[in-house]
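*Asks:* Below is final29.tsv; it holds TSV, C-alpha atoms.
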chain	number	residue	atom	x	y	z
A	1	MET	CA	0.00	0.00	0.00
A	2	GLU	CA	1.35	3.40	-0.97
A	3	ARG	CA	2.23	6.02	1.64
A	4	ARG	CA	1.69	9.77	1.50
A	5	THR	CA	2.82	12.59	3.77
A	6	LEU	CA	0.10	14.12	5.94
A	7	GLY	CA	0.26	17.74	4.83
A	8	ARG	CA	3.56	19.21	5.89
A	9	THR	CA	3.80	17.31	9.16
A	10	GLY	CA	6.37	14.83	7.87
A	11	ILE	CA	4.10	12.02	9.13
A	12	SER	CA	3.81	9.17	6.62
A	13	VAL	CA	0.35	7.64	6.32
A	14	SER	CA	-1.19	4.91	4.16
A	15	GLU	CA	-3.43	5.89	1.24
A	16	TYR	CA	-6.22	3.95	2.94
A	17	ALA	CA	-7.03	4.59	6.59
A	18	LEU	CA	-9.20	2.50	8.87
A	19	GLY	CA	-12.20	4.37	10.20
A	20	THR	CA	-13.63	2.66	13.27
A	21	MET	CA	-17.05	4.25	13.71
A	22	MET	CA	-18.66	0.86	13.09
A	23	LEU	CA	-16.66	-0.95	15.77
A	24	GLY	CA	-18.83	-1.21	18.86
A	25	ALA	CA	-22.54	-0.80	19.56
A	26	TRP	CA	-23.13	1.19	16.35
A	27	GLY	CA	-22.03	-1.74	14.21
A	28	ASN	CA	-19.85	-4.74	15.11
A	29	THR	CA	-20.55	-5.56	18.74
A	30	ASP	CA	-18.15	-8.53	18.83
A	31	HIS	CA	-14.99	-7.02	20.37
A	32	ASP	CA	-12.78	-9.97	19.48
A	33	ASP	CA	-13.85	-9.78	15.85
A	34	ALA	CA	-13.42	-6.01	15.82
A	35	VAL	CA	-9.87	-6.38	17.12
A	36	ARG	CA	-9.15	-8.92	14.38
A	37	MET	CA	-10.42	-6.42	11.82
A	38	VAL	CA	-7.96	-3.81	13.04
A	39	HIS	CA	-5.16	-6.37	12.84
A	40	THR	CA	-6.19	-7.34	9.31
A	41	ALA	CA	-6.05	-3.70	8.24
A	42	LEU	CA	-2.61	-3.23	9.79
A	43	ASP	CA	-1.30	-6.42	8.21
A	44	ALA	CA	-2.51	-5.15	4.82
A	45	GLY	CA	-0.36	-2.03	5.15
A	46	ILE	CA	-2.76	0.46	6.71
A	47	ASN	CA	-0.97	2.50	9.36
A	48	LEU	CA	-3.56	5.23	10.06
A	49	VAL	CA	-6.42	4.34	12.41
A	50	ASP	CA	-9.13	6.93	13.03
A	51	THR	CA	-11.74	6.95	15.78
A	52	ALA	CA	-13.64	9.46	17.94
A	53	ASP	CA	-14.76	9.71	21.54
A	54	MET	CA	-18.45	9.71	20.56
A	55	TYR	CA	-18.35	6.48	18.52
A	56	SER	CA	-20.53	4.09	20.52
A	57	ASP	CA	-19.97	6.35	23.54
A	58	GLY	CA	-16.25	5.57	23.79
A	59	GLU	CA	-16.53	1.88	22.97
A	60	SER	CA	-14.73	2.28	19.64
A	61	GLU	CA	-11.76	3.92	21.34
A	62	ARG	CA	-11.57	1.09	23.86
A	63	ILE	CA	-11.59	-1.50	21.06
A	64	VAL	CA	-8.89	0.37	19.17
A	65	GLY	CA	-6.76	0.65	22.31
A	66	ARG	CA	-6.98	-3.08	22.86
A	67	ALA	CA	-6.19	-3.82	19.20
A	68	LEU	CA	-3.06	-1.65	19.19
A	69	LYS	CA	-1.38	-3.29	22.17
A	70	GLY	CA	2.13	-4.20	21.09
A	71	ARG	CA	1.75	-2.30	17.79
A	72	ARG	CA	1.21	1.26	18.98
A	73	ASP	CA	4.56	2.64	17.82
A	74	ASP	CA	3.85	1.60	14.22
A	75	VAL	CA	0.42	3.24	14.02
A	76	VAL	CA	-0.64	6.82	13.38
A	77	LEU	CA	-3.56	7.09	15.78
A	78	ALA	CA	-6.21	9.75	15.25
A	79	THR	CA	-9.26	10.58	17.34
A	80	LYS	CA	-11.71	13.44	17.70
A	81	PHE	CA	-13.67	15.51	20.24
A	82	ASN	CA	-16.64	17.91	20.16
A	83	ASN	CA	-19.83	15.84	20.18
A	84	PRO	CA	-21.86	15.24	23.37
A	85	MET	CA	-20.45	12.70	25.81
A	86	GLY	CA	-23.34	12.80	28.24
A	87	PRO	CA	-26.26	15.06	29.19
A	88	ASP	CA	-24.10	17.77	30.80
A	89	LEU	CA	-23.82	20.71	28.40
A	90	ASN	CA	-20.18	21.18	29.44
A	91	HIS	CA	-19.31	17.65	28.31
A	92	ARG	CA	-19.15	18.64	24.65
A	93	GLY	CA	-17.99	21.41	22.36
A	94	ASN	CA	-14.63	23.06	21.76
A	95	SER	CA	-13.97	24.93	25.01
A	96	ARG	CA	-10.70	24.61	26.90
A	97	ARG	CA	-12.69	23.28	29.85
A	98	TRP	CA	-13.94	20.33	27.80
A	99	ILE	CA	-10.83	19.72	25.71
A	100	VAL	CA	-8.57	19.11	28.72
A	101	ARG	CA	-11.11	16.61	30.07
A	102	ALA	CA	-11.87	14.99	26.71
A	103	VAL	CA	-8.24	14.29	25.83
A	104	GLU	CA	-7.59	12.57	29.16
A	105	ASP	CA	-10.70	10.42	28.66
A	106	SER	CA	-9.57	9.44	25.16
A	107	LEU	CA	-6.02	8.66	26.29
A	108	ARG	CA	-7.40	6.40	29.00
A	109	ARG	CA	-9.80	4.57	26.67
A	110	LEU	CA	-7.11	4.20	24.00
A	111	ASP	CA	-4.62	3.04	26.61
A	112	THR	CA	-1.88	5.23	25.18
A	113	ASP	CA	0.33	8.10	26.29
A	114	TRP	CA	-0.15	10.18	23.16
A	115	ILE	CA	-2.47	10.85	20.23
A	116	ASP	CA	-0.85	11.41	16.84
A	117	LEU	CA	-3.69	13.49	15.39
A	118	TYR	CA	-6.30	15.11	17.62
A	119	GLN	CA	-9.17	16.52	15.57
A	120	VAL	CA	-11.95	19.00	16.23
A	121	HIS	CA	-14.95	16.94	15.11
A	122	ARG	CA	-17.17	19.91	14.20
A	123	PRO	CA	-17.09	23.70	14.53
A	124	ASP	CA	-18.49	25.16	17.74
A	125	PRO	CA	-20.02	28.62	17.11
A	126	GLY	CA	-20.28	29.16	20.86
A	127	THR	CA	-16.51	28.97	21.41
A	128	ASP	CA	-13.90	31.38	20.07
A	129	ILE	CA	-11.49	29.51	17.80
A	130	ASP	CA	-8.67	31.26	19.69
A	131	GLU	CA	-9.79	29.46	22.85
A	132	THR	CA	-9.84	26.09	21.08
A	133	LEU	CA	-6.45	26.47	19.40
A	134	SER	CA	-4.86	27.73	22.61
A	135	ALA	CA	-5.93	24.60	24.48
A	136	LEU	CA	-4.87	22.30	21.64
A	137	SER	CA	-1.49	24.03	21.39
A	138	ASP	CA	-0.88	23.33	25.06
A	139	LEU	CA	-1.61	19.64	24.44
A	140	VAL	CA	0.93	19.54	21.61
A	141	ARG	CA	3.57	21.26	23.70
A	142	SER	CA	2.92	18.89	26.59
A	143	GLY	CA	3.52	15.87	24.34
A	144	LYS	CA	0.02	14.40	24.74
A	145	VAL	CA	-0.81	15.27	21.13
A	146	ARG	CA	1.52	15.29	18.12
A	147	ALA	CA	-0.59	17.25	15.63
A	148	ILE	CA	-4.06	18.77	15.44
A	149	GLY	CA	-6.69	18.81	12.72
A	150	THR	CA	-10.31	19.63	11.94
A	151	SER	CA	-13.21	17.58	10.62
A	152	THR	CA	-16.10	18.71	8.42
A	153	PHE	CA	-15.12	22.38	8.65
A	154	PRO	CA	-16.39	24.75	5.93
A	155	ALA	CA	-13.64	26.49	3.97
A	156	GLU	CA	-14.20	29.83	5.70
A	157	GLU	CA	-13.72	28.26	9.13
A	158	ILE	CA	-10.54	26.54	7.97
A	159	VAL	CA	-9.21	29.93	6.89
A	160	GLU	CA	-10.20	31.51	10.20
A	161	ALA	CA	-8.43	28.78	12.16
A	162	GLN	CA	-5.26	29.18	10.08
A	163	TRP	CA	-5.32	32.96	10.44
A	164	THR	CA	-5.94	32.80	14.19
A	165	ALA	CA	-3.11	30.32	14.69
A	166	SER	CA	-0.74	32.59	12.78
A	167	GLU	CA	-1.79	35.77	14.56
A	168	ARG	CA	-1.89	34.30	18.07
A	169	GLY	CA	1.14	32.03	17.86
A	170	HIS	CA	-0.85	28.82	18.22
A	171	VAL	CA	-0.15	25.42	16.71
A	172	ARG	CA	-2.12	25.37	13.48
A	173	PRO	CA	-4.43	22.61	12.22
A	174	ARG	CA	-2.48	20.31	9.92
A	175	SER	CA	-5.34	18.31	8.44
A	176	GLU	CA	-9.00	18.41	7.52
A	177	GLN	CA	-11.36	15.42	7.47
A	178	PRO	CA	-14.32	16.11	5.17
A	179	PRO	CA	-16.97	13.81	3.68
A	180	TYR	CA	-16.14	13.12	0.03
A	181	SER	CA	-17.55	10.73	-2.54
A	182	ILE	CA	-18.77	10.65	-6.11
A	183	LEU	CA	-22.19	11.71	-4.82
A	184	ALA	CA	-20.83	14.43	-2.51
A	185	ARG	CA	-18.34	16.54	-4.45
A	186	GLY	CA	-19.12	19.95	-2.98
A	187	ILE	CA	-15.77	20.17	-1.19
A	188	GLU	CA	-14.02	20.31	-4.57
A	189	ARG	CA	-15.19	23.92	-4.86
A	190	ASP	CA	-13.63	25.31	-1.71
A	191	VAL	CA	-12.51	22.92	1.03
A	192	LEU	CA	-9.97	20.96	-1.03
A	193	PRO	CA	-8.37	24.04	-2.65
A	194	THR	CA	-8.24	25.78	0.74
A	195	ALA	CA	-6.62	22.78	2.41
A	196	ALA	CA	-4.06	22.60	-0.39
A	197	ARG	CA	-3.31	26.32	-0.08
A	198	TYR	CA	-2.43	25.89	3.59
A	199	GLY	CA	-0.49	22.67	3.10
A	200	MET	CA	-3.02	20.61	5.05
A	201	GLY	CA	-3.44	16.87	4.75
A	202	VAL	CA	-6.92	15.67	3.81
A	203	LEU	CA	-8.44	12.49	5.26
A	204	THR	CA	-11.76	11.89	3.55
A	205	TRP	CA	-14.63	9.92	5.07
A	206	SER	CA	-17.71	8.15	3.64
A	207	PRO	CA	-16.34	7.27	0.18
A	208	LEU	CA	-19.32	4.92	-0.22
A	209	SER	CA	-21.82	7.65	0.71
A	210	ALA	CA	-23.22	5.84	3.75
A	211	GLY	CA	-23.87	2.75	1.62
A	212	TRP	CA	-25.27	4.29	-1.57
A	213	LEU	CA	-22.10	3.27	-3.42
A	214	SER	CA	-21.78	-0.12	-1.76
A	215	GLY	CA	-23.26	-1.81	-4.83
A	216	LYS	CA	-26.37	-2.81	-2.89
A	217	TYR	CA	-28.70	-0.33	-4.56
A	218	GLY	CA	-29.61	0.80	-8.07
A	219	GLY	CA	-29.93	-0.99	-11.37
A	220	PRO	CA	-32.38	-3.74	-12.32
A	221	ASP	CA	-31.50	-5.84	-9.29
A	222	GLY	CA	-32.64	-3.12	-6.89
A	223	GLY	CA	-31.00	-3.97	-3.58
A	224	ASP	CA	-30.84	-2.48	-0.13
A	225	PRO	CA	-27.88	-0.17	0.62
A	226	THR	CA	-28.60	-0.23	4.34
A	227	SER	CA	-27.32	-3.80	4.37
A	228	ALA	CA	-23.83	-2.33	4.22
A	229	HIS	CA	-24.39	-1.04	7.75
A	230	ARG	CA	-26.98	-3.51	9.01
A	231	GLY	CA	-26.47	-4.40	12.65
A	232	GLY	CA	-25.99	-2.41	15.83
A	233	VAL	CA	-28.05	0.61	16.80
A	234	LEU	CA	-27.07	2.59	13.71
A	235	GLY	CA	-28.75	0.36	11.12
A	236	ASP	CA	-32.32	1.45	11.85
A	237	ALA	CA	-31.24	5.08	12.14
A	238	LEU	CA	-29.84	5.01	8.61
A	239	ALA	CA	-32.94	3.52	7.01
A	240	PRO	CA	-34.73	6.88	6.32
A	241	MET	CA	-31.65	8.03	4.40
A	242	PHE	CA	-32.61	5.58	1.65
A	243	ASP	CA	-36.33	6.30	1.29
A	244	PRO	CA	-36.71	6.46	-2.53
A	245	LYS	CA	-39.78	8.70	-2.20
A	246	LEU	CA	-37.60	11.60	-1.05
A	247	PRO	CA	-36.40	13.80	-3.95
A	248	GLY	CA	-32.76	13.75	-2.87
A	249	ASN	CA	-32.75	9.98	-2.65
A	250	ALA	CA	-34.43	9.67	-6.03
A	251	ALA	CA	-31.63	11.75	-7.54
A	252	LYS	CA	-29.01	9.57	-5.86
A	253	LEU	CA	-30.69	6.44	-7.18
A	254	VAL	CA	-30.50	7.75	-10.75
A	255	ALA	CA	-26.80	8.57	-10.32
A	256	VAL	CA	-25.99	5.21	-8.72
A	257	THR	CA	-27.70	3.33	-11.54
A	258	GLU	CA	-25.49	5.15	-14.09
A	259	LEU	CA	-22.36	4.71	-11.99
A	260	LYS	CA	-22.92	0.96	-11.91
A	261	LYS	CA	-22.67	0.99	-15.70
A	262	VAL	CA	-19.40	2.95	-15.53
A	263	ALA	CA	-17.97	0.47	-13.03
A	264	ALA	CA	-19.04	-2.51	-15.15
A	265	ASP	CA	-17.47	-1.03	-18.28
A	266	ALA	CA	-14.25	-0.35	-16.34
A	267	GLY	CA	-14.19	-3.93	-15.08
A	268	VAL	CA	-14.38	-3.00	-11.40
A	269	THR	CA	-16.98	-3.14	-8.65
A	270	LEU	CA	-18.89	-0.02	-7.66
A	271	PRO	CA	-17.20	0.20	-4.20
A	272	HIS	CA	-13.78	-0.04	-5.85
A	273	LEU	CA	-14.75	2.64	-8.36
A	274	ALA	CA	-15.95	4.86	-5.52
A	275	THR	CA	-12.84	4.57	-3.36
A	276	ALA	CA	-10.49	4.88	-6.33
A	277	PHE	CA	-12.30	8.06	-7.42
A	278	VAL	CA	-11.70	9.73	-4.05
A	279	ARG	CA	-8.06	8.64	-3.98
A	280	GLU	CA	-7.43	10.15	-7.44
A	281	HIS	CA	-7.88	13.75	-6.27
A	282	PRO	CA	-4.41	15.27	-5.76
A	283	ALA	CA	-5.49	17.08	-2.57
A	284	VAL	CA	-6.54	13.85	-0.84
A	285	THR	CA	-3.96	12.25	1.45
A	286	SER	CA	-5.83	9.20	2.70
A	287	VAL	CA	-9.26	7.64	2.20
A	288	LEU	CA	-11.01	6.47	5.35
A	289	ILE	CA	-12.81	3.16	4.91
A	290	GLY	CA	-15.27	2.24	7.65
A	291	PRO	CA	-16.32	-1.41	7.34
A	292	ARG	CA	-18.55	-3.18	9.84
A	293	THR	CA	-17.54	-6.74	8.97
A	294	HIS	CA	-14.43	-8.62	7.98
A	295	GLU	CA	-15.99	-9.35	4.59
A	296	GLN	CA	-16.52	-5.66	3.89
A	297	LEU	CA	-12.97	-4.84	4.99
A	298	GLU	CA	-11.40	-7.50	2.79
A	299	ASP	CA	-13.47	-6.42	-0.19
A	300	LEU	CA	-12.34	-2.80	0.16
A	301	LEU	CA	-8.72	-3.82	0.64
A	302	ALA	CA	-8.92	-5.83	-2.58
A	303	GLY	CA	-9.47	-2.56	-4.47
A	304	VAL	CA	-6.34	-0.83	-3.25
A	305	ASP	CA	-4.60	-1.18	-6.64
A	306	VAL	CA	-7.54	0.07	-8.73
A	307	ARG	CA	-6.70	3.22	-10.66
A	308	LEU	CA	-9.08	5.20	-12.87
A	309	ASP	CA	-8.03	6.65	-16.22
A	310	GLY	CA	-9.17	9.95	-17.65
A	311	GLU	CA	-11.98	8.41	-19.69
A	312	VAL	CA	-13.59	6.87	-16.59
A	313	LEU	CA	-13.21	10.09	-14.61
A	314	ASP	CA	-14.80	12.06	-17.46
A	315	ARG	CA	-17.80	9.71	-17.45
A	316	ILE	CA	-18.18	10.20	-13.71
A	317	ASP	CA	-18.08	13.99	-14.24
A	318	GLU	CA	-20.97	13.67	-16.69
A	319	ILE	CA	-23.09	11.89	-14.08
A	320	VAL	CA	-22.14	14.07	-11.10
A	321	PRO	CA	-20.47	17.33	-12.19
A	322	PRO	CA	-17.38	18.48	-10.28
A	323	GLY	CA	-18.09	20.52	-7.16
A	324	THR	CA	-21.69	19.39	-6.77
A	325	ASP	CA	-23.58	17.41	-4.13
A	326	VAL	CA	-26.35	15.20	-5.48
A	327	SER	CA	-28.35	15.83	-2.33
A	328	ARG	CA	-28.08	18.45	0.41
A	329	ASP	CA	-28.31	15.76	3.11
A	330	MET	CA	-24.76	14.73	2.21
A	331	VAL	CA	-23.20	17.97	3.48
A	332	PHE	CA	-23.24	16.85	7.16
A	333	TYR	CA	-22.70	20.30	8.66
A	334	GLU	CA	-24.90	23.37	8.47
A	335	PRO	CA	-24.00	26.56	10.35
A	336	PRO	CA	-26.43	27.88	12.98
A	337	SER	CA	-27.11	30.86	10.71
A	338	LEU	CA	-29.11	28.42	8.57
A	339	THR	CA	-30.48	26.02	11.17
A	340	ASP	CA	-31.43	28.43	13.99
A	341	PRO	CA	-34.43	30.58	12.97
A	342	ARG	CA	-33.57	33.13	15.67
A	343	LEU	CA	-30.44	34.10	13.72
A	344	ARG	CA	-32.27	34.82	10.46
A	345	ARG	CA	-35.40	36.60	11.63
A	346	ARG	CA	-35.86	40.01	13.21
Show me the file's structure as structure tokens.
*Replies:*
Amino acid sequence: MERRTLGRTGISVSEYALGTMMLGAWGNTDHDDAVRMVHTALDAGINLVDTADMYSDGESERIVGRALKGRRDDVVLATKFNNPMGPDLNHRGNSRRWIVRAVEDSLRRLDTDWIDLYQVHRPDPGTDIDETLSALSDLVRSGKVRAIGTSTFPAEEIVEAQWTASERGHVRPRSEQPPYSILARGIERDVLPTAARYGMGVLTWSPLSAGWLSGKYGGPDGGDPTSAHRGGVLGDALAPMFDPKLPGNAAKLVAVTELKKVAADAGVTLPHLATAFVREHPAVTSVLIGPRTHEQLEDLLAGVDVRLDGEVLDRIDEIVPPGTDVSRDMVFYEPPSLTDPRLRRR
């Protein structure tokens, strides 16, 4: 498996990374099997493992910590903070108060002394970015964290974080982790060029668009894309995302049906086409794959050598034009200025 440098950190990471959201109650509840999955990924050449405190309420971090025993020095370990970790309103967000607590909790669950990449999972409009970067800088200088990054940040917030770090003398974010797939190409307009301008690494998530590009849906055989994530508490929650009566889903179904033809003509499976597409973008450092089962993991690993030529990429552009999202529900972050009526009404 090829390696790439994470931005300008000098850290070498595999072109595929293992995302572990589905390890634990949200997906694979068998801890022994989940540990074996991590080992399979490492044995295949993956050296970047990504998790988050919120995944199955910390269970994913505990599984990852167990899996990395004896192999920690060879792994670039990434985790995230921001989302609620309990009913207390102070047990979430991007404040210094929460960050210093959250990192200690993650270190304990991961059973490690340091985190290679500590990421802000989402923006927090209620916290000054100066406050967040100040706390994260202290963690880097203390040795608990090696580098910091962001996840699902709009381009303007990436710029603000970079500017604030420069002006205030903070450690600056070295990576961004956005959603990116054939069906969700909006970040090509602004996020990817902005990350490249600041020399940031890019770790993309959801290359299969939450199952839409798993090959389980579209075409004459129909299929059920939720089967890609069936199991755990997350399966039922994902079901409404595939209701064909919704306009956005109908548009995705049309695109997927055409993409299946492109994959067949190229002699590859749809999941391999999808992951190879994301990997082809020059701004992308590593593609996060998030399997629930060993079978899914092995299938995705089998596509690591798939490369797409210009003709295939041009056909994909005809189905989903560059810089566009087939459906708005694939953006995954909306600022409060859009979601909170109080901020857009007198």
*Asks:* Mind checking which residues fall within 10 Å of Val331 of chain A, counting all atoms listed in the file, ignoring those fewer than 5 positions away in the same chain, and posting them as a VMD selection string?
*Replies:* chain A and resid 152 154 178 to 180 184 to 187 325 to 326
*Asks:* With all atoms listed in the file as the basis for distance, which of A:His170, A:Thr164, A:Pro321, A:Ala17 is at the shortest distance from Arg189 of chain A?
*Replies:* A:Pro321
*Asks:* Determine, for each residue of segment 11-51 of chain A having at least one atom at most 6 Å from an atom of segment 55-67 of chain A, the closest pair of atoms and their separation in Å to one decimal, counting all atoms listed in the file; order by chain and ascending number, as a Markdown table.
*Replies:*
| residue | atom | partner | partner_atom | distance |
| --- | --- | --- | --- | --- |
| A:Met21 | CA | A:Tyr55 | CA | 5.5 |
| A:Leu23 | CA | A:Ser60 | CA | 5.4 |
| A:Gly24 | CA | A:Ser60 | CA | 5.4 |
| A:Ala25 | CA | A:Ser56 | CA | 5.4 |
| A:Trp26 | CA | A:Ser56 | CA | 5.7 |
| A:Val35 | CA | A:Ala67 | CA | 4.9 |
*Asks:* Go ahead and compute the interatomic distance for atom CA of Ala274 of chain A and atom CA of Pro207 of chain A, in Å to one decimal.
*Replies:*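 Atom CA of Pro207 of chain A lies at a distance of 6.2 Å from atom CA of Ala274 of chain A.
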*Asks:* Measure the distance from atom CA of Gln119 of chain A to atom CA of Ser337 of chain A in Å and round it to one decimal.
*Replies:*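 Atom CA of Ser337 of chain A lies at a distance of 23.5 Å from atom CA of Gln119 of chain A.
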*Asks:* What lies within 10 Å of segment 132-144 of chain A using all atoms listed in the file, ignoring chain neighbours under 4 positions off, as number ranges by chain?
*Replies:* A: 93-100, 103-104, 107, 112-120, 124, 127-128, 148-149, 161-162, 164-165, 168-173
*Asks:* Expressed in Å to a single decimal, how great is the separation between atom CA of Asp73 of chain A and atom CA of Gly10 of chain A?
*Replies:*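 Atom CA of Gly10 of chain A lies at a distance of 15.8 Å from atom CA of Asp73 of chain A.
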*Asks:* When you count all atoms listed in the file, which of these residues is closest to Leu213 of chain A: A:Val145, A:Leu110, A:Leu270, A:Met200?
*Replies:* A:Leu270
*Asks:* Write out as a ChimeraX atom specification which residues come within 12 Å of segment 40-44 of chain A when counting all atoms listed in the file, dropping same-chain ones fewer than 2 positions away.
*Replies:* /A:1-2,13-20,33-38,46-49,64,67-68,71-72,74-77,288-291,293-304
*Asks:* Please determine, counting only C-alpha atoms, which residue among A:Glu258, A:Glu176, A:Asp53, A:Glu318 has the shortest atom-to-atom distance to Tyr198 of chain A.
*Replies:*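 Counting only C-alpha atoms, the residue closest to Tyr198 of chain A is A:Glu176.
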*Asks:* Smallest atom-to-atom distance to Leu192 of chain A: which of A:Pro341, A:Pro247, A:Pro125, A:Gly323, using all atoms listed in the file?
*Replies:* A:Gly323
*Asks:* Have a look at A:Gly215, A:Gly310, A:Pro240, A:Gly199 and name the one nearest to Thr5 of chain A; count only C-alpha atoms.
*Replies:*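 Counting only C-alpha atoms, the residue closest to Thr5 of chain A is A:Gly199.
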